[in-house]
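Engineer: Please see the structure below; I have some questions.
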Amino acid sequence: MRMKKTGLTLAALLAATTLVGCGAEDGSQKVVDAPASAAPGGAGDADGGFLKSLQDRGDLVTVYRSLEEAAAAESIVATGVIDRVAAGRTTVQTTAPGLEARDQTAVVRIRIVRVYKAADVKLDDAFAYVTLRRGAEATAADGAPIGAGPSTVTSIGALGKALPSGTRVILVTSPVPPPRPGADSGRVVTPEAGTSHGAPLLEGDVSQLFSIEDGDGRLTGWPSMTYDDAVAALEKAFP
Amino acid sequence: MWALLIAGVTTVTVGGPASADGYPNGWYPDKGTYHSFCFSLAFAQYSGLVSRARYSMDNNDGVEAQTVVNTLEQSCASATDVVFRIADLHGKYYGYTNCLRTNANGYCDSWSVDIDWEIIKQNAANDGYEARHTLCHEIGHTLGVQHYFSGASPDGATNSCMISGLADSGAAWTRTYGAHHRSHINSWFA
């Protein structure tokens, strides 16, 4: 029997429903001060399905069985509210001479409410910065997109609409590791985009790591829990 | 366009009509004579991955052998269906698939299949077997099918390479599409 090198266990089942959104890139709007949510606490206007359509899209390394397990394993545990959405890093890979692929991200700025854990990480005093992949596109060497149809990159405007300011957030995550040496996986051309200088960029591509209170009051990454359930669990785990 | 996108809403546990699952974000693969593929300049440096990607596409036990889809290796061009890339997925994913461009009918005309070889080597007991699993999994997305998580196989007790997470045993199912997904792929590309 083969043994895994890590103790990571794939034991949980994530809701895998994929909701779709029109990913038209406006190309001009780089920062969106997210519209204020009308509902108390932010629930009601947030489009959790839209967020989830950008998360869990790869072959995941780890799926946690519980919020408590995730909180023990990840280095940052905090609550907060969404403040704004901005364009994030762009990574460029050369596919063939004259042909490139540009991977685009967004940065969601979270106003921190409470930090339960920040192991070996210095968080900004007021904000946390969470990165989200929003697609990639084939381009010519000058960056001009190639393609006759709809854009494959989700716009900052659409993302800002789905994540209104005031939406409550549970962060159980870790900083993005520094880029690996060499250019095999592409070159990051805008490393500081969307962040405050020196603040760590946190992983948001996995729903269990960056979870919001959806319109129905449930958490997108922990659909069996409400925001209040999660806070109660964290209070217990970090008394 | 919205009709097309709405048709892409699906769950992995429901069989539903015999159409592609719509991955990611509802993009459906373009239906050409061939599902062409190429290797990015960086990916081409990893001969072990290149050979495994070829196995994953060929007519011995790859896509051609398992489905009605014909594959063709070519030099990378803007409309190549699958571009294999090396990626740094931050330790969160073994592989990842993006639609890189769409054509006028709204179908995805070119996909990237990103492999994080460093993370596979770190976590897998047999990195070659896990590479085959991850390649099969990500190529499946380019054929229009969704992944599933442990315990939620659309084929019941039978697993397939579309399971998410480490599957490095080398068992045939780790590099094979299940009946559910083959049905989706074959009806889409027929």
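Here's how to read the names in the structure tokens: chain A, B, ... by the order shown, residue numbers from 1 in each chain, ligand numbers from 1 in the order shown.
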Could you pull out all residues of region 55-122 of chain B with a DSSP call of strand (DSSP E or B) and give them as JSON, numbers by chain?
Structural biologist: {"B": [71, 72, 73, 82, 83, 84, 85, 86, 93, 94, 95, 96, 97, 98, 99, 100, 101, 102, 108, 109, 110, 111, 112, 113, 114, 115]}
Engineer: Please list as a CSV table (one decimal) with all heavy atoms, in the first residue's frame every residue within 10 Å of region 156-165 of chain B, counting only C-alpha atoms and excluding residues in the same chain fewer than 3 positions away.
Structural biologist:
chain,number,residue,atom,x,y,z
A,8,LEU,N,-2.0,15.0,5.0
A,8,LEU,CA,-3.2,15.7,4.5
A,8,LEU,C,-4.2,14.7,4.1
A,8,LEU,O,-3.9,13.7,3.4
A,8,LEU,CB,-2.9,16.6,3.3
A,8,LEU,CG,-1.8,17.7,3.7
A,8,LEU,CD1,-1.5,18.5,2.4
A,8,LEU,CD2,-2.3,18.6,4.8
A,9,THR,N,-5.5,14.9,4.5
A,9,THR,CA,-6.5,13.9,4.2
A,9,THR,C,-7.6,14.5,3.4
A,9,THR,O,-8.1,15.6,3.7
A,9,THR,CB,-7.1,13.3,5.5
A,9,THR,OG1,-6.0,12.9,6.3
A,9,THR,CG2,-8.1,12.2,5.2
A,10,LEU,N,-8.0,13.9,2.3
A,10,LEU,CA,-9.1,14.4,1.5
A,10,LEU,C,-10.3,13.6,2.0
A,10,LEU,O,-10.6,12.5,1.5
A,10,LEU,CB,-8.8,14.1,0.0
A,10,LEU,CG,-9.9,14.6,-0.9
A,10,LEU,CD1,-9.9,16.1,-0.9
A,10,LEU,CD2,-9.7,14.1,-2.3
A,11,ALA,N,-11.0,14.1,2.9
A,11,ALA,CA,-12.1,13.4,3.5
A,11,ALA,C,-13.4,14.1,3.5
A,11,ALA,O,-14.5,13.4,3.7
A,11,ALA,CB,-11.7,13.0,5.0
A,56,ASP,N,-12.0,26.9,-5.7
A,56,ASP,CA,-12.0,25.4,-5.8
A,56,ASP,C,-12.0,24.9,-7.2
A,56,ASP,O,-12.5,23.8,-7.5
A,56,ASP,CB,-13.2,24.8,-5.1
A,56,ASP,CG,-13.3,25.3,-3.6
A,56,ASP,OD1,-12.3,25.7,-3.1
A,56,ASP,OD2,-14.4,25.2,-3.1
A,57,ARG,N,-11.4,25.6,-8.1
A,57,ARG,CA,-11.5,25.2,-9.5
A,57,ARG,C,-10.4,24.3,-10.0
A,57,ARG,O,-10.4,23.8,-11.0
A,57,ARG,CB,-11.5,26.5,-10.4
A,57,ARG,CG,-12.8,27.2,-10.4
A,57,ARG,CD,-12.8,28.5,-11.0
A,57,ARG,NE,-12.2,28.6,-12.3
A,57,ARG,CZ,-12.2,29.7,-13.1
A,57,ARG,NH1,-12.9,30.7,-12.7
A,57,ARG,NH2,-11.7,29.6,-14.3
A,58,GLY,N,-9.4,24.1,-9.1
A,58,GLY,CA,-8.3,23.2,-9.5
A,58,GLY,C,-8.4,21.9,-8.7
A,58,GLY,O,-9.4,21.6,-8.0
A,59,ASP,N,-7.4,21.0,-8.9
A,59,ASP,CA,-7.3,19.7,-8.2
A,59,ASP,C,-6.7,20.0,-6.8
A,59,ASP,O,-5.5,20.2,-6.7
A,59,ASP,CB,-6.4,18.8,-9.0
A,59,ASP,CG,-6.4,17.4,-8.5
A,59,ASP,OD1,-7.1,17.1,-7.5
A,59,ASP,OD2,-5.6,16.6,-9.0
A,60,LEU,N,-7.6,20.1,-5.8
A,60,LEU,CA,-7.2,20.6,-4.5
A,60,LEU,C,-6.3,19.7,-3.8
A,60,LEU,O,-6.4,18.5,-3.8
A,60,LEU,CB,-8.5,20.8,-3.6
A,60,LEU,CG,-9.3,22.0,-3.9
A,60,LEU,CD1,-10.7,21.9,-3.2
A,60,LEU,CD2,-8.6,23.3,-3.3
A,61,VAL,N,-5.3,20.3,-3.1
A,61,VAL,CA,-4.4,19.5,-2.3
A,61,VAL,C,-5.1,19.1,-1.0
A,61,VAL,O,-4.9,18.0,-0.5
A,61,VAL,CB,-3.1,20.3,-2.0
A,61,VAL,CG1,-2.2,19.7,-0.9
A,61,VAL,CG2,-2.3,20.5,-3.3
A,62,THR,N,-5.8,20.0,-0.4
A,62,THR,CA,-6.4,19.8,1.0
A,62,THR,C,-7.8,20.2,1.0
A,62,THR,O,-8.2,21.3,0.6
A,62,THR,CB,-5.6,20.6,2.1
A,62,THR,OG1,-4.2,20.3,1.9
A,62,THR,CG2,-6.1,20.2,3.5
A,63,VAL,N,-8.6,19.3,1.6
A,63,VAL,CA,-10.0,19.7,1.9
A,63,VAL,C,-10.2,19.3,3.4
A,63,VAL,O,-9.9,18.2,3.8
A,63,VAL,CB,-11.0,18.9,1.1
A,63,VAL,CG1,-12.5,19.2,1.5
A,63,VAL,CG2,-10.9,19.1,-0.4
B,13,THR,N,-23.2,15.4,-8.9
B,13,THR,CA,-23.8,14.2,-8.4
B,13,THR,C,-25.0,13.8,-9.2
B,13,THR,O,-25.6,12.8,-9.0
B,13,THR,CB,-24.1,14.3,-7.0
B,13,THR,OG1,-24.9,15.4,-6.8
B,13,THR,CG2,-22.9,14.4,-6.1
B,93,TYR,N,-3.2,23.6,-5.1
B,93,TYR,CA,-3.7,22.8,-6.1
B,93,TYR,C,-2.5,22.0,-6.7
B,93,TYR,O,-1.4,22.5,-6.9
B,93,TYR,CB,-4.3,23.6,-7.2
B,93,TYR,CG,-5.5,24.5,-6.8
B,93,TYR,CD1,-5.4,25.8,-6.8
B,93,TYR,CD2,-6.7,23.9,-6.6
B,93,TYR,CE1,-6.5,26.6,-6.4
B,93,TYR,CE2,-7.8,24.6,-6.2
B,93,TYR,CZ,-7.7,26.0,-6.2
B,93,TYR,OH,-8.8,26.8,-5.9
B,94,TYR,N,-2.9,20.7,-7.2
B,94,TYR,CA,-1.9,20.0,-8.0
B,94,TYR,C,-2.0,20.4,-9.5
B,94,TYR,O,-1.0,20.4,-10.2
B,94,TYR,CB,-2.2,18.5,-7.9
B,94,TYR,CG,-2.0,17.9,-6.5
B,94,TYR,CD1,-3.1,17.5,-5.8
B,94,TYR,CD2,-0.7,17.8,-6.0
B,94,TYR,CE1,-2.9,17.0,-4.5
B,94,TYR,CE2,-0.5,17.3,-4.7
B,94,TYR,CZ,-1.6,16.9,-4.0
B,94,TYR,OH,-1.5,16.4,-2.7
B,95,GLY,N,-3.2,20.7,-9.9
B,95,GLY,CA,-3.4,21.2,-11.3
B,95,GLY,C,-4.5,22.2,-11.4
B,95,GLY,O,-5.3,22.3,-10.4
B,130,GLU,N,1.0,10.3,-9.8
B,130,GLU,CA,0.1,11.5,-9.5
B,130,GLU,C,0.1,12.4,-10.7
B,130,GLU,O,-0.9,13.1,-11.0
B,130,GLU,CB,0.6,12.2,-8.3
B,130,GLU,CG,-0.3,13.4,-7.9
B,130,GLU,CD,-1.8,13.1,-7.8
B,130,GLU,OE1,-2.1,12.0,-7.4
B,130,GLU,OE2,-2.6,14.0,-8.1
B,132,ARG,N,0.1,11.5,-13.8
B,132,ARG,CA,-0.9,10.9,-14.7
B,132,ARG,C,-2.3,11.3,-14.3
B,132,ARG,O,-3.2,11.6,-15.1
B,132,ARG,CB,-0.7,9.4,-14.9
B,132,ARG,CG,0.4,9.0,-15.8
B,132,ARG,CD,0.3,9.4,-17.2
B,132,ARG,NE,-1.0,9.0,-17.9
B,132,ARG,CZ,-1.2,7.8,-18.5
B,132,ARG,NH1,-0.3,6.9,-18.5
B,132,ARG,NH2,-2.4,7.6,-19.1
B,133,HIS,N,-2.5,11.1,-12.9
B,133,HIS,CA,-3.8,11.5,-12.4
B,133,HIS,C,-4.2,12.9,-12.7
B,133,HIS,O,-5.3,13.3,-13.2
B,133,HIS,CB,-3.9,11.2,-10.9
B,133,HIS,CG,-5.1,11.8,-10.2
B,133,HIS,ND1,-4.9,12.8,-9.2
B,133,HIS,CD2,-6.4,11.7,-10.5
B,133,HIS,CE1,-6.1,13.2,-8.9
B,133,HIS,NE2,-7.0,12.6,-9.6
B,134,THR,N,-3.3,13.8,-12.3
B,134,THR,CA,-3.5,15.2,-12.5
B,134,THR,C,-3.7,15.6,-13.9
B,134,THR,O,-4.6,16.4,-14.3
B,134,THR,CB,-2.4,16.1,-11.9
B,134,THR,OG1,-2.2,15.7,-10.5
B,134,THR,CG2,-2.7,17.5,-11.9
B,135,LEU,N,-2.9,15.1,-14.8
B,135,LEU,CA,-3.1,15.4,-16.2
B,135,LEU,C,-4.4,14.9,-16.8
B,135,LEU,O,-5.1,15.6,-17.5
B,135,LEU,CB,-1.9,14.7,-17.0
B,135,LEU,CG,-0.6,15.4,-16.9
B,135,LEU,CD1,0.6,14.4,-17.3
B,135,LEU,CD2,-0.5,16.6,-17.8
B,136,CYS,N,-4.8,13.7,-16.4
B,136,CYS,CA,-6.1,13.1,-16.8
B,136,CYS,C,-7.2,14.0,-16.3
B,136,CYS,O,-8.2,14.4,-17.1
B,136,CYS,CB,-6.2,11.7,-16.3
B,136,CYS,SG,-7.8,10.9,-16.7
B,137,HIS,N,-7.1,14.4,-15.1
B,137,HIS,CA,-8.1,15.3,-14.4
B,137,HIS,C,-8.3,16.6,-15.1
B,137,HIS,O,-9.4,17.0,-15.5
B,137,HIS,CB,-7.7,15.5,-13.0
B,137,HIS,CG,-8.6,16.3,-12.1
B,137,HIS,ND1,-9.3,15.8,-11.1
B,137,HIS,CD2,-8.9,17.6,-12.1
B,137,HIS,CE1,-10.0,16.7,-10.5
B,137,HIS,NE2,-9.8,17.8,-11.1
B,138,GLU,N,-7.1,17.3,-15.4
B,138,GLU,CA,-7.2,18.6,-16.0
B,138,GLU,C,-7.6,18.5,-17.4
B,138,GLU,O,-8.4,19.4,-17.9
B,138,GLU,CB,-5.9,19.4,-15.8
B,138,GLU,CG,-5.4,19.6,-14.4
B,138,GLU,CD,-6.4,20.3,-13.5
B,138,GLU,OE1,-7.2,21.1,-14.0
B,138,GLU,OE2,-6.4,20.0,-12.3
B,139,ILE,N,-7.1,17.5,-18.1
B,139,ILE,CA,-7.6,17.4,-19.5
B,139,ILE,C,-9.1,17.1,-19.6
B,139,ILE,O,-9.8,17.6,-20.5
B,139,ILE,CB,-6.8,16.2,-20.2
B,139,ILE,CG1,-5.3,16.5,-20.4
B,139,ILE,CG2,-7.4,15.9,-21.6
B,139,ILE,CD1,-4.4,15.4,-20.7
B,140,GLY,N,-9.6,16.4,-18.6
B,140,GLY,CA,-11.0,16.2,-18.5
B,140,GLY,C,-11.8,17.5,-18.4
B,140,GLY,O,-12.9,17.7,-19.1
B,141,HIS,N,-11.3,18.5,-17.7
B,141,HIS,CA,-11.9,19.8,-17.7
B,141,HIS,C,-11.9,20.5,-19.1
B,141,HIS,O,-12.9,21.1,-19.5
B,141,HIS,CB,-11.2,20.8,-16.8
B,141,HIS,CG,-11.4,20.4,-15.3
B,141,HIS,ND1,-12.6,20.0,-14.8
B,141,HIS,CD2,-10.5,20.5,-14.3
B,141,HIS,CE1,-12.4,19.8,-13.5
B,141,HIS,NE2,-11.2,20.1,-13.1
B,145,VAL,N,-15.9,18.4,-18.6
B,145,VAL,CA,-16.5,17.7,-17.4
B,145,VAL,C,-15.9,18.3,-16.1
B,145,VAL,O,-14.8,18.8,-16.0
B,145,VAL,CB,-16.3,16.2,-17.4
B,145,VAL,CG1,-17.1,15.6,-18.6
B,145,VAL,CG2,-14.8,15.8,-17.5
B,146,GLN,N,-16.7,18.1,-15.0
B,146,GLN,CA,-16.4,18.7,-13.7
B,146,GLN,C,-15.7,17.7,-12.9
B,146,GLN,O,-15.8,16.5,-13.1
B,146,GLN,CB,-17.7,19.1,-13.0
B,146,GLN,CG,-18.2,20.5,-13.2
B,146,GLN,CD,-17.3,21.5,-12.4
B,146,GLN,OE1,-16.3,21.1,-11.8
B,146,GLN,NE2,-17.8,22.7,-12.3
B,147,HIS,N,-15.0,18.2,-11.9
B,147,HIS,CA,-14.4,17.2,-10.9
B,147,HIS,C,-15.4,16.9,-9.8
B,147,HIS,O,-16.5,17.5,-9.7
B,147,HIS,CB,-13.1,17.8,-10.3
B,147,HIS,CG,-13.1,19.1,-9.7
B,147,HIS,ND1,-12.1,20.0,-9.8
B,147,HIS,CD2,-14.1,19.7,-9.0
B,147,HIS,CE1,-12.4,21.1,-9.1
B,147,HIS,NE2,-13.6,21.0,-8.6
B,148,TYR,N,-15.1,16.0,-8.9
B,148,TYR,CA,-15.9,15.7,-7.8
B,148,TYR,C,-15.0,15.4,-6.6
B,148,TYR,O,-13.8,15.2,-6.8
B,148,TYR,CB,-16.8,14.5,-8.0
B,148,TYR,CG,-16.1,13.1,-8.2
B,148,TYR,CD1,-15.9,12.3,-7.1
B,148,TYR,CD2,-15.6,12.7,-9.4
B,148,TYR,CE1,-15.2,11.1,-7.2
B,148,TYR,CE2,-14.9,11.5,-9.5
B,148,TYR,CZ,-14.7,10.7,-8.4
B,148,TYR,OH,-14.0,9.5,-8.5
B,149,PHE,N,-15.6,15.4,-5.4
B,149,PHE,CA,-14.8,15.2,-4.2
B,149,PHE,C,-15.0,13.8,-3.6
B,149,PHE,O,-16.0,13.2,-4.0
B,149,PHE,CB,-15.1,16.3,-3.2
B,149,PHE,CG,-14.6,17.6,-3.6
B,149,PHE,CD1,-15.5,18.5,-4.3
B,149,PHE,CD2,-13.3,18.1,-3.5
B,149,PHE,CE1,-15.1,19.7,-4.7
B,149,PHE,CE2,-12.9,19.3,-4.0
B,149,PHE,CZ,-13.8,20.1,-4.6
B,150,SER,N,-14.1,13.4,-2.8
B,150,SER,CA,-14.2,12.0,-2.3
B,150,SER,C,-15.6,11.7,-1.8
B,150,SER,O,-16.2,12.4,-1.0
B,150,SER,CB,-13.2,11.9,-1.1
B,150,SER,OG,-13.2,10.6,-0.6
B,151,GLY,N,-16.1,10.5,-2.2
B,151,GLY,CA,-17.4,10.1,-1.7
B,151,GLY,C,-18.6,10.6,-2.6
B,151,GLY,O,-19.7,10.3,-2.3
B,152,ALA,N,-18.3,11.3,-3.6
B,152,ALA,CA,-19.3,11.9,-4.4
B,152,ALA,C,-19.1,11.5,-5.9
B,152,ALA,O,-19.5,12.3,-6.8
B,152,ALA,CB,-19.4,13.4,-4.3
B,153,SER,N,-18.6,10.4,-6.2
B,153,SER,CA,-18.4,10.0,-7.6
B,153,SER,C,-19.7,9.9,-8.3
B,153,SER,O,-20.7,9.3,-7.8
B,153,SER,CB,-17.7,8.7,-7.7
B,153,SER,OG,-17.7,8.2,-9.0
B,168,ASP,N,-2.5,8.7,-6.2
B,168,ASP,CA,-1.2,8.3,-6.7
B,168,ASP,C,-0.9,6.9,-6.6
B,168,ASP,O,0.3,6.4,-6.6
B,168,ASP,CB,-0.1,9.1,-6.0
B,168,ASP,CG,-0.1,8.9,-4.5
B,168,ASP,OD1,-1.1,8.2,-4.0
B,168,ASP,OD2,0.8,9.4,-3.8
B,171,ALA,N,-3.4,2.9,-9.8
B,171,ALA,CA,-4.5,2.1,-10.3
B,171,ALA,C,-5.1,2.7,-11.6
B,171,ALA,O,-5.0,3.9,-11.8
B,171,ALA,CB,-5.6,2.0,-9.2
B,172,ALA,N,-5.6,1.8,-12.4
B,172,ALA,CA,-6.1,2.3,-13.7
B,172,ALA,C,-7.1,3.4,-13.6
B,172,ALA,O,-7.1,4.4,-14.4
B,172,ALA,CB,-6.7,1.1,-14.5
B,173,TRP,N,-8.0,3.4,-12.6
B,173,TRP,CA,-9.0,4.4,-12.5
B,173,TRP,C,-8.4,5.8,-12.3
B,173,TRP,O,-9.1,6.8,-12.6
B,173,TRP,CB,-10.0,4.1,-11.4
B,173,TRP,CG,-9.5,4.1,-9.9
B,173,TRP,CD1,-9.0,3.0,-9.2
B,173,TRP,CD2,-9.3,5.3,-9.1
B,173,TRP,NE1,-8.6,3.5,-8.0
B,173,TRP,CE2,-8.8,4.8,-7.9
B,173,TRP,CE3,-9.6,6.6,-9.3
B,173,TRP,CZ2,-8.5,5.7,-6.8
B,173,TRP,CZ3,-9.3,7.5,-8.2
B,173,TRP,CH2,-8.8,7.0,-7.0
B,174,THR,N,-7.2,5.9,-11.8
B,174,THR,CA,-6.6,7.2,-11.5
B,174,THR,C,-6.2,7.9,-12.8
B,174,THR,O,-5.9,9.1,-12.7
B,174,THR,CB,-5.4,7.1,-10.6
B,174,THR,OG1,-4.3,6.3,-11.2
B,174,THR,CG2,-5.7,6.4,-9.2
B,175,ARG,N,-6.2,7.2,-13.9
B,175,ARG,CA,-5.9,7.8,-15.2
B,175,ARG,C,-7.0,7.6,-16.2
B,175,ARG,O,-6.8,7.6,-17.4
B,175,ARG,CB,-4.5,7.4,-15.7
B,175,ARG,CG,-4.4,5.9,-15.9
B,175,ARG,CD,-3.0,5.5,-16.4
B,175,ARG,NE,-2.9,4.1,-16.6
B,175,ARG,CZ,-2.6,3.2,-15.7
B,175,ARG,NH1,-2.3,3.6,-14.4
B,175,ARG,NH2,-2.5,1.9,-16.0
B,176,THR,N,-8.2,7.3,-15.7
B,176,THR,CA,-9.3,6.9,-16.6
B,176,THR,C,-10.6,7.7,-16.3
B,176,THR,O,-10.8,8.0,-15.1
B,176,THR,CB,-9.6,5.4,-16.4
B,176,THR,OG1,-8.4,4.6,-16.6
B,176,THR,CG2,-10.7,4.9,-17.3
B,177,TYR,N,-11.3,8.1,-17.3
B,177,TYR,CA,-12.6,8.8,-17.1
B,177,TYR,C,-13.6,7.7,-16.8
B,177,TYR,O,-13.7,6.6,-17.4
B,177,TYR,CB,-13.0,9.6,-18.3
B,177,TYR,CG,-11.9,10.6,-18.7
B,177,TYR,CD1,-11.0,10.4,-19.7
B,177,TYR,CD2,-11.7,11.7,-17.9
B,177,TYR,CE1,-10.0,11.3,-20.0
B,177,TYR,CE2,-10.7,12.6,-18.1
B,177,TYR,CZ,-9.8,12.4,-19.2
B,177,TYR,OH,-8.8,13.3,-19.4
B,178,GLY,N,-14.6,8.0,-15.9
B,178,GLY,CA,-15.6,7.1,-15.5
B,178,GLY,C,-16.7,7.1,-16.6
B,178,GLY,O,-16.7,8.0,-17.5
B,179,ALA,N,-17.6,6.2,-16.5
B,179,ALA,CA,-18.7,6.0,-17.5
B,179,ALA,C,-19.5,7.3,-17.6
B,179,ALA,O,-19.9,7.8,-18.7
B,179,ALA,CB,-19.6,4.9,-17.1
B,180,HIS,N,-19.8,7.9,-16.5
B,180,HIS,CA,-20.6,9.2,-16.5
B,180,HIS,C,-19.9,10.3,-17.3
B,180,HIS,O,-20.6,10.9,-18.2
B,180,HIS,CB,-20.8,9.6,-15.0
B,180,HIS,CG,-21.5,11.0,-14.9
B,180,HIS,ND1,-22.8,11.1,-14.7
B,180,HIS,CD2,-21.0,12.2,-14.9
B,180,HIS,CE1,-23.1,12.4,-14.6
B,180,HIS,NE2,-22.0,13.1,-14.7
B,181,HIS,N,-18.7,10.5,-17.0
B,181,HIS,CA,-18.0,11.5,-17.7
B,181,HIS,C,-17.7,11.2,-19.2
B,181,HIS,O,-17.8,12.0,-20.1
B,181,HIS,CB,-16.7,11.9,-17.0
B,181,HIS,CG,-16.9,12.6,-15.7
B,181,HIS,ND1,-16.3,12.2,-14.5
B,181,HIS,CD2,-17.7,13.7,-15.4
B,181,HIS,CE1,-16.7,13.0,-13.6
B,181,HIS,NE2,-17.5,13.9,-14.1
Engineer: Distance table requested - chain B against chain A, cut-off 7 Å, only C-alpha atoms: one row per qualifying residue with the closest atom pair and its distance in Å to one decimal, ordered by chain and rising residue number, as a Markdown table.
Structural biologist:
| residue | atom | partner | partner_atom | distance |
| --- | --- | --- | --- | --- |
| B:Leu5 | CA | A:Val20 | CA | 6.4 |
| B:Val9 | CA | A:Leu19 | CA | 5.7 |
| B:Thr10 | CA | A:Thr17 | CA | 6.1 |
| B:Thr11 | CA | A:Thr17 | CA | 4.8 |
| B:Val12 | CA | A:Ala16 | CA | 6.6 |
| B:Asn25 | CA | A:Val20 | CA | 4.9 |
| B:Gly26 | CA | A:Val20 | CA | 5.8 |
| B:Ser40 | CA | A:Thr95 | CA | 4.5 |
| B:Leu41 | CA | A:Thr95 | CA | 5.9 |
| B:Ala42 | CA | A:Asp184 | CA | 5.2 |
| B:Cys76 | CA | A:Ala96 | CA | 5.9 |
| B:Ile86 | CA | A:Ser185 | CA | 5.3 |
| B:Ala87 | CA | A:Ser185 | CA | 4.4 |
| B:Asp88 | CA | A:Ser185 | CA | 5.6 |
| B:His90 | CA | A:Pro177 | CA | 6.2 |
| B:Lys92 | CA | A:Val61 | CA | 5.3 |
| B:Tyr93 | CA | A:Leu60 | CA | 4.5 |
| B:Tyr94 | CA | A:Asp59 | CA | 5.4 |
| B:Gly95 | CA | A:Asp59 | CA | 5.2 |
| B:Tyr96 | CA | A:Gly58 | CA | 4.2 |
| B:Thr97 | CA | A:Gly58 | CA | 6.7 |
| B:Asn98 | CA | A:Ala136 | CA | 6.2 |
| B:Cys99 | CA | A:Thr152 | CA | 6.2 |
| B:Leu100 | CA | A:Glu137 | CA | 4.1 |
| B:Arg101 | CA | A:Gly147 | CA | 5.2 |
| B:Thr102 | CA | A:Gly149 | CA | 4.8 |
| B:Asn103 | CA | A:Gly149 | CA | 4.4 |
| B:Ala104 | CA | A:Gly149 | CA | 4.3 |
| B:Asn105 | CA | A:Gly149 | CA | 6.8 |
| B:Gly106 | CA | A:Gly149 | CA | 5.5 |
| B:Asn123 | CA | A:Lys5 | CA | 5.2 |
| B:Ala124 | CA | A:Lys4 | CA | 5.9 |
| B:Ala125 | CA | A:Lys4 | CA | 5.3 |
| B:Phe149 | CA | A:Leu13 | CA | 5.5 |
| B:Ser150 | CA | A:Leu13 | CA | 6.3 |
| B:Ser164 | CA | A:Asp59 | CA | 4.9 |
| B:Gly165 | CA | A:Leu60 | CA | 5.2 |
| B:Leu166 | CA | A:Val61 | CA | 6.8 |
| B:Ser169 | CA | A:Arg2 | CA | 6.4 |
Engineer: Create the file for the chosen residues now, containing C-alpha atoms and written as a PDB file, in the first residue's frame.
Structural biologist:
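Now in result_35.pdb:
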ATOM      1  CA  LEU B   5     -24.190  29.737 -19.658  1.00  0.00           C
ATOM      2  CA  VAL B   9     -25.181  25.073 -14.226  1.00  0.00           C
ATOM      3  CA  THR B  10     -24.748  21.572 -12.933  1.00  0.00           C
ATOM      4  CA  THR B  11     -23.924  19.447  -9.978  1.00  0.00           C
ATOM      5  CA  VAL B  12     -21.469  16.616 -10.141  1.00  0.00           C
ATOM      6  CA  ASN B  25     -17.566  29.067 -15.365  1.00  0.00           C
ATOM      7  CA  GLY B  26     -19.777  27.408 -17.903  1.00  0.00           C
ATOM      8  CA  SER B  40       4.657  25.666 -23.384  1.00  0.00           C
ATOM      9  CA  LEU B  41       8.338  26.531 -23.558  1.00  0.00           C
ATOM     10  CA  ALA B  42       8.742  25.861 -19.817  1.00  0.00           C
ATOM     11  CA  CYS B  76       1.647  26.088 -29.748  1.00  0.00           C
ATOM     12  CA  ILE B  86       4.164  24.527 -15.526  1.00  0.00           C
ATOM     13  CA  ALA B  87       2.560  26.521 -12.715  1.00  0.00           C
ATOM     14  CA  ASP B  88       3.118  27.648  -9.156  1.00  0.00           C
ATOM     15  CA  HIS B  90       0.894  28.051  -4.083  1.00  0.00           C
ATOM     16  CA  LYS B  92      -3.167  24.680  -2.859  1.00  0.00           C
ATOM     17  CA  TYR B  93      -3.685  22.781  -6.110  1.00  0.00           C
ATOM     18  CA  TYR B  94      -1.903  19.982  -8.003  1.00  0.00           C
ATOM     19  CA  GLY B  95      -3.370  21.174 -11.278  1.00  0.00           C
ATOM     20  CA  TYR B  96      -5.591  23.894 -12.654  1.00  0.00           C
ATOM     21  CA  THR B  97      -7.383  24.621 -15.903  1.00  0.00           C
ATOM     22  CA  ASN B  98      -8.212  27.976 -17.461  1.00  0.00           C
ATOM     23  CA  CYS B  99     -10.058  28.880 -20.592  1.00  0.00           C
ATOM     24  CA  LEU B 100      -7.579  31.162 -22.372  1.00  0.00           C
ATOM     25  CA  ARG B 101      -9.742  32.350 -25.246  1.00  0.00           C
ATOM     26  CA  THR B 102     -13.192  31.902 -26.679  1.00  0.00           C
ATOM     27  CA  ASN B 103     -14.385  31.937 -30.244  1.00  0.00           C
ATOM     28  CA  ALA B 104     -17.295  33.824 -31.726  1.00  0.00           C
ATOM     29  CA  ASN B 105     -19.810  31.121 -30.823  1.00  0.00           C
ATOM     30  CA  GLY B 106     -18.881  31.446 -27.157  1.00  0.00           C
ATOM     31  CA  ASN B 123       3.151  15.205  -1.667  1.00  0.00           C
ATOM     32  CA  ALA B 124       2.895  12.109  -3.836  1.00  0.00           C
ATOM     33  CA  ALA B 125       4.305   8.727  -2.910  1.00  0.00           C
ATOM     34  CA  PHE B 149     -14.769  15.214  -4.189  1.00  0.00           C
ATOM     35  CA  SER B 150     -14.190  12.006  -2.277  1.00  0.00           C
ATOM     36  CA  SER B 164     -10.048  15.933  -6.603  1.00  0.00           C
ATOM     37  CA  GLY B 165      -7.015  15.398  -4.395  1.00  0.00           C
ATOM     38  CA  LEU B 166      -4.092  13.003  -4.339  1.00  0.00           C
ATOM     39  CA  SER B 169      -1.743   4.599  -6.390  1.00  0.00           C
TER      40      SER B 169
END
Engineer: Between B:His184, B:Arg85, B:Arg54, B:His35, which residue has the minimum interatomic distance to Ser110 (chain B), considering only C-alpha atoms?
Structural biologist: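 Residue with the minimum atom-to-atom distance to Ser110 (chain B): B:His35.
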Engineer: In region 50-171 of chain B, what's helix (DSSP H, G or I) per DSSP? Answer as a ChimeraX atom specification?
Structural biologist: /B:50-57,63-66,117-123,127-142
